[in-house]
Amino acid sequence: MTGPVVTGASAVTALGRDLATTRAALAVGRSAVLPVESPDLPDRTDHSPAARIAAFTPEPELPKMKARRLDRASQYAVVAARQVLADAGYAMTGREERTGILLGTGSAGAGPLVEMERQMALESPDAASPFLFPYTVSNAPASVTAIELGIKGPNVTITQKDAAALNALFYGRMLLSDGRADALLVGAADEWNLQYHLAYERVHATRTARRSGFVLGEGAACLVVEDEAAARARGAAARARVASVVMRPAALSPQVRRAEAARLAEAMNASLDEAGVPPAGVGIVHLSRNGVAATDDAEAAALAAVFPKPPPVAAVKEAIGENPFAGAVQLALAVAALHENPALGAVLVNAFGAGGNFMCAVLTRP
Amino acid sequence: MSDRRVVVTGLGAVTSLGNNLETTWTGLVEGRCGIGPITLFDAEGFRTKLAAEIRELPDPGVSSRVRRRLSRTDVIGLAAAAEAIAGAGLDLSREDPARIGVVLGAGVSGLLDSENYFRKLLAHGPRAARPTLVLNQPPDQTTDRIAQRWGLLGPRSTITTACSSSATSLGYAADLIRHGVCDVVVTGGADTLARLTHGGFNALRAVDPEPCRPFDRRRKGLSIGEAAAILVFEEETRARRRGAEIHARFLGYGVTSDAHHMTQPEPSGEAGARTLRACLEAARLSPADVDYVNAHGTATPQNDPAETASLKRALGARAREIPVSSIKSMLGHCLCSAGAIEAAATVLTVARGVVPPTIHYGEPDPECDLDVVPNTARTARIRTALSNSYAFGGNSTVLAFGAFPG
């Protein structure tokens with residue numbers, strides 16, 4: 001077996017502020033998808049729902065005073081990162097330069113950005129807040145986390161549609177194999193924002209009572225991915241192995257959510273081949289399914305083509321919403337399942353994003 | 001894996017100095033300044049009304065139906081990619097598209113269009129604002145559009161680490177080739193002006209009301225710029241086999257985290273020195289090998305002395321023996337595409353033996369006492385050159401290029 005190991009997992013979702021609570025809620029079929037309530041909502045009846053984190057408690061991982069000056073995605077990221085280090089039993093002291101962080105995002109900075117635009121448009125150009133500006137950048141969640149935790153190794157943020165978390169894992173594997181770090185925090189962080197929600201709603205991308213579409217969500221999730229020897233040297237127990245991560249893009253226009261079943265099947269087969277796992281060895285498939293009929297149908301057809309006998313599937317975006325963070329949550333759930341259930345051999349995670357950004361990852365027992 | 005080496009076989013650029021790389025390079029060598037009055041939006045009320053703006057948009061080479069949907073960033077990104085791919089002499093009809101990746105750095109992307117949406121929304125309500133304007137804002141748009149335009153099916157990624165985005169994208173691109181995932185990667189970045197970035201740096205008082213003066217004692221901050229720069233990275237053996245013109249080798253990169261502050265550089269220079277050392281280690285270089293550094297050189301009061309200190313810490317005595325220039329004095333700080341355009345200039349420095357100057361330089365600063373190549377370009381044999389990129393959040397990247405055949 002090759003590939004780095006995973007020694008910890010965390011998740012902050014609209015279902016719960018940690019992985020255990022999120023898992024328990026998913027196990028009983030709870031969904032965080034609710035109608036959006038806001039005084040700023042235009043007076044219409046066919047609004048899209050969202051999976052929002054209504055009232056977030058940053059403590060104990062992040063002091064309230066500190067949280068107040070951060071964008072929401074950064075708050076989720078710091079909390080998920082502190083949780084994952086605790087889960088992995090990872091002491092940072094002495095390892096700062098050998099530890100890195102790679103996060104995906106599709107929305108980080110949206111809140112501060114919209115607020116700064118409002119300040120400049122309605123007040124004056126010099127009303128733009130210097131305190132908001134640093135948190136309008138997509139790398140704020142990873143960089144705030146690096147500053148909070150003292151991470152001095154590679155620090156990279158990736159945006160590549162809904163598959164950004166798997167993309168971060170793809171890059172992270174190369175960084176570990178090149179010895180650029182011994183351990184990486186890999187995941188994603190996103191925030192929900194009303195103005196973007198309304199814009200996506202108006203271009204018919206999101207679901208309403210009358211049409212199919214995705215539901216926007218927010219949160220963060222993290223894994224500790226380590227070089228196997230480094231994990232062993234610090235006495236950490238591996239819970240899973242990153243057996244493969246593959247990208248099989250299609251050349252589509254950026255916002256187009258369309259997929260050919262054959263291309264998705266090719267991605268799934270390639271990830272199983274690279275992992276050395278036969279279809280029958282897969283115990284759970286985390287579907288990319290997010291309510292966009294065109295891609296969901298193609299994924300179902302691809303699943304039938306790849307698996308003569310389809311394994312149990314999970315479609316958590318139905319409960320926690322879409323955005324790159326959801327892919328990271330799926331990876332975290334896969335790690336937890338492999339850790340808990342010794343009979344489970346491998347988990348396949350699909351992330352089929354807009355613009356033909358198709359990715360798959362296989363996690364196995366260590 | 002490690003015997004797969006990376007060379008640069010294609011280059012393209014769109015900048016305030018010209019709509020292709022050759023014009024841009026001539027401007028850099030002549031010490032021309034691309035910084036001038038902003039025309040893209042009303043700059044009244046800002047601390048500075050200057051930026052390095054692209055005067056006339058290039059032809060992105062797509063149908064008018066597609067053209068209507070493109071952001072300004074997409075347009076310059078596609079034009080630079082067209083120049084780089086054509087220059088590389090790649091016959092895409094004979095290539096396996098699954099072996100060609102696209103990795104760019106980005107950030108602002110279609111934000112200017114989004115801003116126009118938000119302004120209409122705030123002033124006149126949702127009916128007046130066209131929501132499709134927001135669709136071009138995700139920074140990965142240009143990456144997807146380049147992949148779509150040339151039908152490229154290899155791995156695709158967009159790095160969004162603010163001002164070091166496109167430098168890091170080159171590192172990711174090289175890793176895809178070194179690890180055997182791709183044979184060719186279209187890499188670099190595109191970024192354009194927007195009110196948010198201009199207003200943000202104004203609010204931080206990090207902009208100079210005059211064109212920026214890197215390393216000069218009188219420097220007051222940066223000038224914002226916009227640019228696209230695309231490099232074609234290719235596996236060396238195959239590039240040689242097909243007889244491609246090879247401009248330079250990509251020797252390696254360092255990527256580290258300052259873990260210091262969201263907007264300030266770590267002042268002792270130790271954080272920057274760690275990135276430089278990581279790059280030298282990855283590229284298997286020693287300080288004595290370094291012949292030139294294309295500096296981050298933003299001209300903020302904080303960056304330039306911290307960068308000078310980093311170079312002295314990491315390169316020792318060698319830091320004082322070599323030229324260290326900032327082309328931001330001519331192109332402005334192109335934010336998420338700065339790393340790419342500076343990498344393209346570094347490649348030409350290595351390939352042609354010409355070091356572009358730091359212009360607007362007049363008064364030495366004892367804290368920035370390296371050879372900054374004041375005002376006039378210089379010819380020199382440059383076998384190995386580094387390019388520094390730093391960012392908000394402390395995301396630091398250093399790239400190393402070497403002469404070919406070397």
# chains A, B, ... in the order shown; residues from 1 in each chain; ligands from 1
$ select_by_dssp --residues "stretch 6-250 of chain A" --states "helix (DSSP H, G or I)" --output "JSON, numbers by chain"
{"A": [19, 20, 21, 22, 23, 24, 25, 26, 27, 64, 65, 66, 67, 68, 72, 73, 74, 75, 76, 77, 78, 79, 80, 81, 82, 83, 84, 85, 86, 87, 88, 96, 97, 98, 110, 111, 112, 113, 114, 115, 116, 117, 118, 119, 120, 121, 122, 123, 125, 126, 127, 133, 134, 135, 140, 141, 142, 143, 144, 145, 146, 147, 148, 149, 164, 165, 166, 167, 168, 169, 170, 171, 172, 173, 174, 175, 176, 177, 194, 195, 196, 197, 198, 199, 200, 201, 202, 228, 229, 230, 231, 232, 233]}
$ residues_around --residues "stretch 129-138 of chain B" --least-positions-apart "4" --cutoff "7 Å" --atoms "only C-alpha atoms" --output "list in words"
Ala199, Arg202 and Val203 of chain A; Ser71, Ser109, Gly110, Leu111, Asp113, Ser114, Tyr117, Lys120, Leu121 and Gly125 of chain B
$ residues_around --residues "stretch 188-191 of chain A" --least-positions-apart "2" --cutoff "8 Å" --atoms "only C-alpha atoms" --output "ChimeraX atom specification"
/A:72-74,76-77,102-111,141,164-165,186,193,217-222,323-328
$ interface_residues --of "chain A" --to "chain B" --cutoff "7 Å" --atoms "only C-alpha atoms" --output "PyMOL selection string"
chain A and resi 117+121+125-126+128-130+133-134+137-140+143-144+146-147+150-160+199+202-203+247-254+355
$ closest_residue --among "B:Arg241, B:His247, B:Arg67, B:Arg32" --to "B:Gly87" --atoms "only C-alpha atoms"
B:His247
$ residues_around --residues "B:Tyr292" --least-positions-apart "6" --cutoff "12 Å" --atoms "only C-alpha atoms" --output "number ranges by chain"
B: 311, 315, 318-326, 345-347, 349-350, 353-357, 370-373, 378-388, 399-403
